Amino acid sequence: MSTVQAPIWEFYGGIHLPDHKAESTRRPIAIAPLPHRLVLPLQQHIGEMAEPVVQVGEQVLKGQIVAEARGRVSAPIHATSSGRVVEIGEHRIPHPSGLDAPCVVIETDGEDRWAELPAPWPDYTAHHPDELIERIHWAGIVGLGGATFPTSAKLATGEAKPIHTLILNGAECEPYISCDDMLMRERADRVIAGMQVLLHILGARECLIGIEDNKPEAIAAMRQALDDAGVSQARVVVVPTKYPSGSEKQLIRLLTGHEVPHGGLPADLGLLCQNVATSAAVANAVLDGQPLISRIVTLTGQGISEPQNVEARIGTLVTKLIAFAGGYTPALHRLIVGGPMMGFTLHNDHVPLTKGCNCLLAASAAESPDPPKPAPCIRCGRCADVCPARLLPQQLYWYAHARDFDKVQDYNLFDCIECGCCSHVCPSHIPLVQYYRFAKTEIWNQERERRKSDLARQRHEARLARLERLERERKERLRKKKEALEKKPKGATDDPKKAAIEAAMKRVAAKKAARQEAADGAGVSANTSSED
Amino acid sequence: MLQAILVITGLAITFGLLLGYASVRFRVEGDPIVDQIDALLPQTQCGQCGYAGCRPYAEAIAAGEAEINRCPPGGETTMVALADLLGRDPVPLEDQEAAEKPKSVALIIEKDCIGCTLCIQACPVDAIVGAPKQMHTVIAEECTGCELCIPPCPVECIVMVPVKPSLETWRWPSPDEENLLETGT
């Protein structure tokens, strides 16, 4: 039933690479020791940065939220062990920029005590999908294949886009990386359990699990787990090993024959893709009520003594992980986060393990040679032959190089998945993907600047309007005053003081007149007495 | 011969009337080209171009009174965009040095502020809050870095601080900048 091979389509382009996975799959998944210090970056996902909700000095427990998600496209950060918050501030993080970013630093107490967790829901079918999505949001689960898009946001496609097929991505096509392979070999039941939860949430009628044919153990384990769980709506589909079959759009093409339209999402086709490790994390969150506090990471390359996969707490420093795997060998040339095709060089190993970090490749000079000096493009077109997104890499290169950002978008720069196939085959060794990354961030930056300048224009115009209004009002006041003065009777003087004096004099005169009248009535005696 | 002259004259009169009518009927208030130029300018309202703000500069460019290279905050990008829009040839920036200054925002050293409100009156985008004899402060988010608040300050308590790159604003460097590509393409 589940062993029946579904038809396989092909995707355009791609390349065959030596997979180098055997090095790190010889040992079972090891559990990394609890470090003394955990550094938890607040931005480990795509979307809004999480907001710290703990104070320095506060005691925290394992699984306690230390930073809340801000909005739906965001994810909370949990303490990955119990201890004391010693710092909330900037810390070096694994990022190609080498910049510092806000982190919560925890000194662990070694007790590793759990916080009070939400109830496990082994009978998840009794719960409404929205409740389950809320639970996944709480658990801080993001796409663990490396994209780190918040899973709850991806699942909340709503009624507008019903999902009929869930796709589990176990292709893991990039060389050296084997964390998903090992997960499927050792914990296939967990992946399948998570898949069942996902199927329930989405109301999908089937699930396709795509695995490359260079992982026979994982394929067997997953099929076994499917049989054990008695799931009939899911099947494992073995796809040929070709990079980048693990890219979402390429895997969808392989498994269903559909192409995700330009500017569209798989959900437009009724499809939704999740990584196998994400599925296992969903199982932990829903069935056990546990948040995402650890992940499996591949430590490999000739620069490391004992290549293997370890399950480590998020926030463990890379140096500690390397030390756990026997330390560096003298062959170390470059430390890469991710794989050799899409990863980036790490210049400092005092950075924490993040949710999206699937591999640390300590590459030797032979494994990751320094790029030779680029030569001019000879227009051979090999880049276009291998581009899985069917773009024209050399045109993109011309325009990115010339900084013609309108033209580069006309050639659909934003459909580029940065897989690195074009750079890999380029006989002139032109760092093509670097140009595309540069152009993309430059375009985003221009967009941001434009928004900022629009805002500045609005504020400036509002200010001018306000100044004009104030001036108008001032003039209006003056005019009114003037008019009021002009309206006054002719005889009246302008000066209020003078007017007051006049009024007083009038009063005195009136009094005098009154007295005069009285004196006239009373006779002369009064007059004389007044003279005394 | 006469016929031809009459036909041409007739045509000229017809089209003249037509155009005359169209210019009245389809009259556009304002100058759309000024709006387009203004949209390309960075809206710092700094006056470094010699005009009282971005819009006056845009008007001057549209009227052909000003060259397109006088906007240091916009830098080369703005100049090239203007050249594209107006069909002019790109020209080197007038003040290259000013254009290469890093992006900065104003910061009031609050313990030195005497609350004179002069900077508030100078700010073209109302990015400074404060009241007479109360401390003032700059809303960094809204500050365009025009530096117009610096000269009026009687106690020189306003400084420009370069904007720190964050993860959000970080950009991949161009491989050309890294001197990886030395050959001309």
# chains A, B, ... in the order shown; residues from 1 in each chain; ligands from 1
$ select_by_dssp --residues "stretch 415-466 of chain A" --states "alpha helix (DSSP H)" --output "JSON, numbers by chain"
{"A": [421, 422, 423, 424, 425, 432, 433, 434, 435, 436, 437, 438, 439, 440, 441, 442, 443, 444, 445, 446, 447, 448, 449, 450, 451, 452, 453, 454, 455, 456, 457, 458, 459, 460, 461, 462, 463, 464, 465, 466]}
$ residues_around --residues "A:Val231" --least-positions-apart "3" --cutoff "9 Å" --atoms "only C-alpha atoms" --output "count of residues only"
8
$ closest_atom_pairs --of "chain A" --to "chain B" --cutoff "8 Å" --atoms "only C-alpha atoms" --output "Markdown table"
| residue | atom | partner | partner_atom | distance |
| --- | --- | --- | --- | --- |
| A:Ser97 | CA | B:Trp170 | CA | 7.0 |
| A:Leu99 | CA | B:Leu167 | CA | 7.1 |
| A:Ala101 | CA | B:Leu167 | CA | 7.4 |
| A:Lys373 | CA | B:Leu180 | CA | 6.5 |
| A:Pro374 | CA | B:Leu181 | CA | 5.8 |
| A:Ala375 | CA | B:Thr183 | CA | 6.7 |
| A:Pro376 | CA | B:Thr185 | CA | 5.8 |
| A:Cys377 | CA | B:Thr185 | CA | 7.3 |
| A:His401 | CA | B:Asp176 | CA | 7.6 |
| A:Pro431 | CA | B:Pro175 | CA | 7.3 |
| A:Gln434 | CA | B:Pro175 | CA | 6.4 |
| A:Tyr435 | CA | B:Ser174 | CA | 6.2 |
| A:Arg437 | CA | B:Trp172 | CA | 6.2 |
| A:Phe438 | CA | B:Trp172 | CA | 4.7 |
| A:Ala439 | CA | B:Ser174 | CA | 7.9 |
| A:Thr441 | CA | B:Arg171 | CA | 5.2 |
| A:Glu442 | CA | B:Arg171 | CA | 6.4 |
| A:Asn445 | CA | B:Thr169 | CA | 6.8 |
| A:Glu449 | CA | B:Pro42 | CA | 7.9 |
| A:Arg450 | CA | B:Pro42 | CA | 7.6 |
| A:Ser453 | CA | B:Gln43 | CA | 5.2 |
| A:Asp454 | CA | B:Gln43 | CA | 7.4 |
| A:Ala456 | CA | B:Gln43 | CA | 5.9 |
| A:Arg457 | CA | B:Gln43 | CA | 5.6 |
| A:Arg459 | CA | B:Val125 | CA | 5.1 |
| A:His460 | CA | B:Val125 | CA | 4.6 |
| A:Arg463 | CA | B:Val125 | CA | 6.6 |
$ select_by_dssp --residues "stretch 164-256 of chain A" --states "strand (DSSP E)" --output "number ranges by chain"
A: 165-170, 206-212, 234-239
$ residues_around --residues "A:Ala32" --least-positions-apart "3" --cutoff "7 Å" --atoms "only C-alpha atoms" --output "list of chain:residue names"
A:Val310, A:Glu311, A:Ala312, A:Phe324
$ write_last_selection --atoms "N, CA, C and O atoms" --output "compact mmCIF listing (two decimals), in the first residue's frame"
# COMPACT_ATOMS: atom_id res chain seq x y z
N VAL A 310 23.93 15.89 16.15
CA VAL A 310 23.63 16.01 17.58
C VAL A 310 22.30 16.73 17.75
O VAL A 310 21.93 17.58 16.93
N GLU A 311 21.62 16.35 18.83
CA GLU A 311 20.44 17.13 19.21
C GLU A 311 20.90 18.09 20.28
O GLU A 311 21.41 17.67 21.32
N ALA A 312 20.77 19.38 19.99
CA ALA A 312 21.29 20.38 20.93
C ALA A 312 20.22 21.39 21.25
O ALA A 312 19.29 21.62 20.47
N PHE A 324 32.13 19.29 21.53
CA PHE A 324 31.46 18.01 21.80
C PHE A 324 31.78 17.00 20.70
O PHE A 324 31.90 15.80 20.96
$ closest_residue --among "B:Ile61, B:Leu2, B:Ile120, B:Ala140" --to "B:Asp35" --atoms "only C-alpha atoms"
B:Ile61
$ atom_distance --atom1 "atom CA of B:Ile33" --atom2 "atom CA of A:Ile443"
24.1 Å
$ residues_around --residues "A:Cys380" --least-positions-apart "4" --cutoff "12 Å" --atoms "only C-alpha atoms" --output "VMD selection string"
chain A and resid 376 384 to 385 392 to 394 422 425 to 428
$ write_last_selection --atoms "all heavy atoms" --output "PDB file, in the first residue's frame"
ATOM      1  N   PRO A 376      35.823  37.062 -17.240  1.00  0.00           N
ATOM      2  CA  PRO A 376      34.617  37.608 -17.881  1.00  0.00           C
ATOM      3  C   PRO A 376      33.648  36.508 -18.317  1.00  0.00           C
ATOM      4  O   PRO A 376      34.069  35.402 -18.630  1.00  0.00           O
ATOM      5  CB  PRO A 376      35.171  38.352 -19.102  1.00  0.00           C
ATOM      6  CG  PRO A 376      36.596  38.569 -18.820  1.00  0.00           C
ATOM      7  CD  PRO A 376      37.047  37.470 -17.940  1.00  0.00           C
ATOM      8  N   ALA A 384      22.056  28.928 -17.475  1.00  0.00           N
ATOM      9  CA  ALA A 384      20.633  28.862 -17.829  1.00  0.00           C
ATOM     10  C   ALA A 384      20.179  27.406 -17.939  1.00  0.00           C
ATOM     11  O   ALA A 384      19.025  27.085 -17.663  1.00  0.00           O
ATOM     12  CB  ALA A 384      20.386  29.597 -19.145  1.00  0.00           C
ATOM     13  N   ASP A 385      21.107  26.513 -18.316  1.00  0.00           N
ATOM     14  CA  ASP A 385      20.751  25.094 -18.416  1.00  0.00           C
ATOM     15  C   ASP A 385      20.451  24.485 -17.055  1.00  0.00           C
ATOM     16  O   ASP A 385      19.655  23.564 -16.943  1.00  0.00           O
ATOM     17  CB  ASP A 385      21.905  24.301 -19.052  1.00  0.00           C
ATOM     18  CG  ASP A 385      22.071  24.638 -20.524  1.00  0.00           C
ATOM     19  OD1 ASP A 385      21.113  25.160 -21.113  1.00  0.00           O
ATOM     20  OD2 ASP A 385      23.156  24.371 -21.066  1.00  0.00           O
ATOM     21  N   LEU A 392      17.246  33.417 -16.471  1.00  0.00           N
ATOM     22  CA  LEU A 392      18.404  33.624 -17.336  1.00  0.00           C
ATOM     23  C   LEU A 392      19.519  34.228 -16.482  1.00  0.00           C
ATOM     24  O   LEU A 392      19.655  35.448 -16.403  1.00  0.00           O
ATOM     25  CB  LEU A 392      18.046  34.568 -18.495  1.00  0.00           C
ATOM     26  CG  LEU A 392      17.002  34.032 -19.464  1.00  0.00           C
ATOM     27  CD1 LEU A 392      16.606  35.116 -20.453  1.00  0.00           C
ATOM     28  CD2 LEU A 392      17.536  32.813 -20.210  1.00  0.00           C
ATOM     29  N   PRO A 393      20.297  33.383 -15.824  1.00  0.00           N
ATOM     30  CA  PRO A 393      21.257  33.901 -14.842  1.00  0.00           C
ATOM     31  C   PRO A 393      22.225  34.922 -15.422  1.00  0.00           C
ATOM     32  O   PRO A 393      22.597  35.879 -14.748  1.00  0.00           O
ATOM     33  CB  PRO A 393      21.991  32.654 -14.363  1.00  0.00           C
ATOM     34  CG  PRO A 393      21.008  31.553 -14.572  1.00  0.00           C
ATOM     35  CD  PRO A 393      20.277  31.913 -15.825  1.00  0.00           C
ATOM     36  N   GLN A 394      22.631  34.752 -16.695  1.00  0.00           N
ATOM     37  CA  GLN A 394      23.614  35.728 -17.183  1.00  0.00           C
ATOM     38  C   GLN A 394      22.992  37.098 -17.395  1.00  0.00           C
ATOM     39  O   GLN A 394      23.637  38.116 -17.160  1.00  0.00           O
ATOM     40  CB  GLN A 394      24.342  35.243 -18.427  1.00  0.00           C
ATOM     41  CG  GLN A 394      23.504  34.429 -19.367  1.00  0.00           C
ATOM     42  CD  GLN A 394      24.245  34.132 -20.647  1.00  0.00           C
ATOM     43  OE1 GLN A 394      24.614  35.055 -21.337  1.00  0.00           O
ATOM     44  NE2 GLN A 394      24.458  32.865 -20.947  1.00  0.00           N
ATOM     45  N   CYS A 422      23.970  27.909 -10.642  1.00  0.00           N
ATOM     46  CA  CYS A 422      24.592  28.691 -11.711  1.00  0.00           C
ATOM     47  C   CYS A 422      26.051  29.012 -11.381  1.00  0.00           C
ATOM     48  O   CYS A 422      26.941  28.841 -12.211  1.00  0.00           O
ATOM     49  CB  CYS A 422      23.800  29.973 -11.973  1.00  0.00           C
ATOM     50  SG  CYS A 422      23.452  30.938 -10.499  1.00  0.00           S
ATOM     51  N   VAL A 425      28.343  25.887 -11.782  1.00  0.00           N
ATOM     52  CA  VAL A 425      28.752  25.413 -13.107  1.00  0.00           C
ATOM     53  C   VAL A 425      29.486  26.480 -13.922  1.00  0.00           C
ATOM     54  O   VAL A 425      30.004  26.183 -14.988  1.00  0.00           O
ATOM     55  CB  VAL A 425      27.545  24.908 -13.941  1.00  0.00           C
ATOM     56  CG1 VAL A 425      26.876  23.743 -13.241  1.00  0.00           C
ATOM     57  CG2 VAL A 425      26.547  26.036 -14.193  1.00  0.00           C
ATOM     58  N   CYS A 426      29.522  27.716 -13.434  1.00  0.00           N
ATOM     59  CA  CYS A 426      30.087  28.809 -14.231  1.00  0.00           C
ATOM     60  C   CYS A 426      31.572  28.551 -14.505  1.00  0.00           C
ATOM     61  O   CYS A 426      32.375  28.480 -13.570  1.00  0.00           O
ATOM     62  CB  CYS A 426      29.916  30.139 -13.505  1.00  0.00           C
ATOM     63  SG  CYS A 426      30.606  31.521 -14.446  1.00  0.00           S
ATOM     64  N   PRO A 427      31.953  28.423 -15.781  1.00  0.00           N
ATOM     65  CA  PRO A 427      33.368  28.171 -16.075  1.00  0.00           C
ATOM     66  C   PRO A 427      34.235  29.394 -15.808  1.00  0.00           C
ATOM     67  O   PRO A 427      35.451  29.277 -15.699  1.00  0.00           O
ATOM     68  CB  PRO A 427      33.355  27.809 -17.560  1.00  0.00           C
ATOM     69  CG  PRO A 427      32.146  28.455 -18.106  1.00  0.00           C
ATOM     70  CD  PRO A 427      31.134  28.489 -17.003  1.00  0.00           C
ATOM     71  N   SER A 428      33.619  30.559 -15.695  1.00  0.00           N
ATOM     72  CA  SER A 428      34.385  31.772 -15.401  1.00  0.00           C
ATOM     73  C   SER A 428      34.433  32.075 -13.905  1.00  0.00           C
ATOM     74  O   SER A 428      34.975  33.098 -13.500  1.00  0.00           O
ATOM     75  CB  SER A 428      33.770  32.970 -16.128  1.00  0.00           C
ATOM     76  OG  SER A 428      33.864  32.821 -17.516  1.00  0.00           O
TER      77      SER A 428
END
$ residues_around --residues "A:Cys387" --least-positions-apart "4" --cutoff "12 Å" --atoms "only C-alpha atoms" --output "mmCIF file with C-alpha atoms, in the first residue's frame"
data_model
loop_
_atom_site.group_PDB
_atom_site.id
_atom_site.type_symbol
_atom_site.label_atom_id
_atom_site.label_comp_id
_atom_site.auth_asym_id
_atom_site.auth_seq_id
_atom_site.Cartn_x
_atom_site.Cartn_y
_atom_site.Cartn_z
ATOM 1 C CA PHE A 11 12.057 19.518 -12.670
ATOM 2 C CA TYR A 12 14.066 21.634 -15.030
ATOM 3 C CA GLY A 13 17.780 22.169 -14.438
ATOM 4 C CA GLY A 14 19.559 21.163 -11.280
ATOM 5 C CA ILE A 15 22.904 19.480 -10.853
ATOM 6 C CA TYR A 243 20.155 19.184 -6.303
ATOM 7 C CA PRO A 244 17.931 21.189 -5.481
ATOM 8 C CA GLN A 250 11.055 21.810 -7.138
ATOM 9 C CA GLY A 381 24.689 29.544 -21.197
ATOM 10 C CA ARG A 382 25.444 26.719 -18.803
ATOM 11 C CA CYS A 383 23.927 28.695 -15.957
ATOM 12 C CA LEU A 391 15.697 32.115 -15.185
ATOM 13 C CA LEU A 392 18.404 33.624 -17.336
ATOM 14 C CA PRO A 393 21.257 33.901 -14.842
ATOM 15 C CA GLN A 394 23.614 35.728 -17.183
ATOM 16 C CA LEU A 396 20.411 38.792 -14.222
ATOM 17 C CA ASP A 415 12.011 34.038 -8.512
ATOM 18 C CA CYS A 416 15.641 33.128 -7.846
ATOM 19 C CA ILE A 417 15.913 30.629 -4.984
ATOM 20 C CA GLU A 418 19.653 31.263 -4.526
ATOM 21 C CA CYS A 419 20.403 27.552 -4.890
ATOM 22 C CA GLY A 420 23.843 28.267 -6.302
ATOM 23 C CA CYS A 421 23.637 25.906 -9.295
ATOM 24 C CA CYS A 422 24.592 28.691 -11.711
ATOM 25 C CA SER A 423 27.660 29.746 -9.737
ATOM 26 C CA HIS A 424 28.658 26.104 -9.388
ATOM 27 C CA VAL A 425 28.752 25.413 -13.107
ATOM 28 C CA CYS A 426 30.087 28.809 -14.231
ATOM 29 C CA LEU A 432 26.526 34.838 -9.648
ATOM 30 C CA VAL A 433 24.428 34.243 -6.550
#
$ residues_around --residues "B:Ile108" --least-positions-apart "2" --cutoff "10 Å" --atoms "only C-alpha atoms" --output "ChimeraX atom specification"
/B:106,110-113,119,128,135-138,149-150,153,156-160
$ closest_residue --among "A:Ala484, A:Val39, A:Ile211, A:Ile430" --to "A:Pro372" --atoms "only C-alpha atoms"
A:Ile430
$ atom_distance --atom1 "atom CA of A:Cys179" --atom2 "atom CA of A:Ser294"
12.7 Å
$ atom_distance --atom1 "atom CA of A:Ala366" --atom2 "atom CA of A:His333"
8.6 Å
$ decode --residues "stretch 201-230 of chain A" --atoms "N, CA and C atoms" --output "PDB file, in the first residue's frame"
ATOM      1  N   ILE A 201      -5.240  19.249  10.935  1.00  0.00           N
ATOM      2  CA  ILE A 201      -5.378  20.714  10.936  1.00  0.00           C
ATOM      3  C   ILE A 201      -5.826  21.209   9.563  1.00  0.00           C
ATOM      4  N   LEU A 202      -5.198  20.669   8.524  1.00  0.00           N
ATOM      5  CA  LEU A 202      -5.446  21.177   7.179  1.00  0.00           C
ATOM      6  C   LEU A 202      -6.709  20.581   6.561  1.00  0.00           C
ATOM      7  N   GLY A 203      -7.131  19.453   7.110  1.00  0.00           N
ATOM      8  CA  GLY A 203      -8.236  18.749   6.468  1.00  0.00           C
ATOM      9  C   GLY A 203      -7.831  18.202   5.112  1.00  0.00           C
ATOM     10  N   ALA A 204      -6.532  17.944   4.949  1.00  0.00           N
ATOM     11  CA  ALA A 204      -6.027  17.451   3.664  1.00  0.00           C
ATOM     12  C   ALA A 204      -6.365  15.967   3.511  1.00  0.00           C
ATOM     13  N   ARG A 205      -6.532  15.547   2.260  1.00  0.00           N
ATOM     14  CA  ARG A 205      -6.930  14.158   2.079  1.00  0.00           C
ATOM     15  C   ARG A 205      -5.748  13.232   1.863  1.00  0.00           C
ATOM     16  N   GLU A 206      -4.591  13.784   1.481  1.00  0.00           N
ATOM     17  CA  GLU A 206      -3.439  12.896   1.364  1.00  0.00           C
ATOM     18  C   GLU A 206      -2.139  13.614   1.698  1.00  0.00           C
ATOM     19  N   CYS A 207      -1.114  12.785   1.902  1.00  0.00           N
ATOM     20  CA  CYS A 207       0.194  13.330   2.211  1.00  0.00           C
ATOM     21  C   CYS A 207       1.235  12.601   1.384  1.00  0.00           C
ATOM     22  N   LEU A 208       2.111  13.379   0.755  1.00  0.00           N
ATOM     23  CA  LEU A 208       3.220  12.797   0.008  1.00  0.00           C
ATOM     24  C   LEU A 208       4.506  13.136   0.751  1.00  0.00           C
ATOM     25  N   ILE A 209       5.293  12.107   1.022  1.00  0.00           N
ATOM     26  CA  ILE A 209       6.547  12.333   1.730  1.00  0.00           C
ATOM     27  C   ILE A 209       7.672  12.142   0.721  1.00  0.00           C
ATOM     28  N   GLY A 210       8.339  13.212   0.350  1.00  0.00           N
ATOM     29  CA  GLY A 210       9.387  13.142  -0.661  1.00  0.00           C
ATOM     30  C   GLY A 210      10.750  12.924  -0.021  1.00  0.00           C
ATOM     31  N   ILE A 211      11.417  11.828  -0.416  1.00  0.00           N
ATOM     32  CA  ILE A 211      12.751  11.535   0.111  1.00  0.00           C
ATOM     33  C   ILE A 211      13.645  11.168  -1.070  1.00  0.00           C
ATOM     34  N   GLU A 212      14.863  11.699  -1.083  1.00  0.00           N
ATOM     35  CA  GLU A 212      15.798  11.372  -2.163  1.00  0.00           C
ATOM     36  C   GLU A 212      16.270   9.931  -2.044  1.00  0.00           C
ATOM     37  N   ASP A 213      16.589   9.338  -3.200  1.00  0.00           N
ATOM     38  CA  ASP A 213      16.925   7.906  -3.196  1.00  0.00           C
ATOM     39  C   ASP A 213      18.309   7.582  -2.617  1.00  0.00           C
ATOM     40  N   ASN A 214      19.019   8.600  -2.148  1.00  0.00           N
ATOM     41  CA  ASN A 214      20.285   8.299  -1.482  1.00  0.00           C
ATOM     42  C   ASN A 214      20.116   8.070   0.023  1.00  0.00           C
ATOM     43  N   LYS A 215      18.870   7.942   0.466  1.00  0.00           N
ATOM     44  CA  LYS A 215      18.614   7.717   1.895  1.00  0.00           C
ATOM     45  C   LYS A 215      17.763   6.465   2.089  1.00  0.00           C
ATOM     46  N   PRO A 216      18.281   5.302   1.686  1.00  0.00           N
ATOM     47  CA  PRO A 216      17.462   4.091   1.754  1.00  0.00           C
ATOM     48  C   PRO A 216      17.002   3.752   3.178  1.00  0.00           C
ATOM     49  N   GLU A 217      17.860   4.003   4.171  1.00  0.00           N
ATOM     50  CA  GLU A 217      17.475   3.679   5.553  1.00  0.00           C
ATOM     51  C   GLU A 217      16.288   4.538   5.988  1.00  0.00           C
ATOM     52  N   ALA A 218      16.354   5.823   5.639  1.00  0.00           N
ATOM     53  CA  ALA A 218      15.266   6.727   6.022  1.00  0.00           C
ATOM     54  C   ALA A 218      13.972   6.330   5.315  1.00  0.00           C
ATOM     55  N   ILE A 219      14.090   5.949   4.045  1.00  0.00           N
ATOM     56  CA  ILE A 219      12.900   5.555   3.287  1.00  0.00           C
ATOM     57  C   ILE A 219      12.249   4.336   3.939  1.00  0.00           C
ATOM     58  N   ALA A 220      13.099   3.349   4.284  1.00  0.00           N
ATOM     59  CA  ALA A 220      12.578   2.128   4.909  1.00  0.00           C
ATOM     60  C   ALA A 220      11.943   2.450   6.250  1.00  0.00           C
ATOM     61  N   ALA A 221      12.612   3.282   7.043  1.00  0.00           N
ATOM     62  CA  ALA A 221      12.096   3.607   8.375  1.00  0.00           C
ATOM     63  C   ALA A 221      10.767   4.337   8.276  1.00  0.00           C
ATOM     64  N   MET A 222      10.656   5.242   7.331  1.00  0.00           N
ATOM     65  CA  MET A 222       9.417   6.006   7.182  1.00  0.00           C
ATOM     66  C   MET A 222       8.281   5.107   6.697  1.00  0.00           C
ATOM     67  N   ARG A 223       8.602   4.205   5.794  1.00  0.00           N
ATOM     68  CA  ARG A 223       7.554   3.283   5.316  1.00  0.00           C
ATOM     69  C   ARG A 223       7.092   2.384   6.455  1.00  0.00           C
ATOM     70  N   GLN A 224       8.049   1.938   7.241  1.00  0.00           N
ATOM     71  CA  GLN A 224       7.716   1.092   8.385  1.00  0.00           C
ATOM     72  C   GLN A 224       6.805   1.852   9.345  1.00  0.00           C
ATOM     73  N   ALA A 225       7.185   3.091   9.614  1.00  0.00           N
ATOM     74  CA  ALA A 225       6.413   3.889  10.568  1.00  0.00           C
ATOM     75  C   ALA A 225       5.002   4.144  10.050  1.00  0.00           C
ATOM     76  N   LEU A 226       4.887   4.335   8.740  1.00  0.00           N
ATOM     77  CA  LEU A 226       3.565   4.544   8.145  1.00  0.00           C
ATOM     78  C   LEU A 226       2.706   3.302   8.334  1.00  0.00           C
ATOM     79  N   ASP A 227       3.328   2.124   8.082  1.00  0.00           N
ATOM     80  CA  ASP A 227       2.597   0.875   8.257  1.00  0.00           C
ATOM     81  C   ASP A 227       2.194   0.687   9.708  1.00  0.00           C
ATOM     82  N   ASP A 228       3.148   0.977  10.610  1.00  0.00           N
ATOM     83  CA  ASP A 228       2.867   0.802  12.042  1.00  0.00           C
ATOM     84  C   ASP A 228       1.719   1.688  12.486  1.00  0.00           C
ATOM     85  N   ALA A 229       1.716   2.931  11.961  1.00  0.00           N
ATOM     86  CA  ALA A 229       0.670   3.859  12.376  1.00  0.00           C
ATOM     87  C   ALA A 229      -0.648   3.574  11.644  1.00  0.00           C
ATOM     88  N   GLY A 230      -0.578   2.757  10.611  1.00  0.00           N
ATOM     89  CA  GLY A 230      -1.780   2.407   9.858  1.00  0.00           C
ATOM     90  C   GLY A 230      -2.385   3.601   9.135  1.00  0.00           C
TER      91      GLY A 230
END
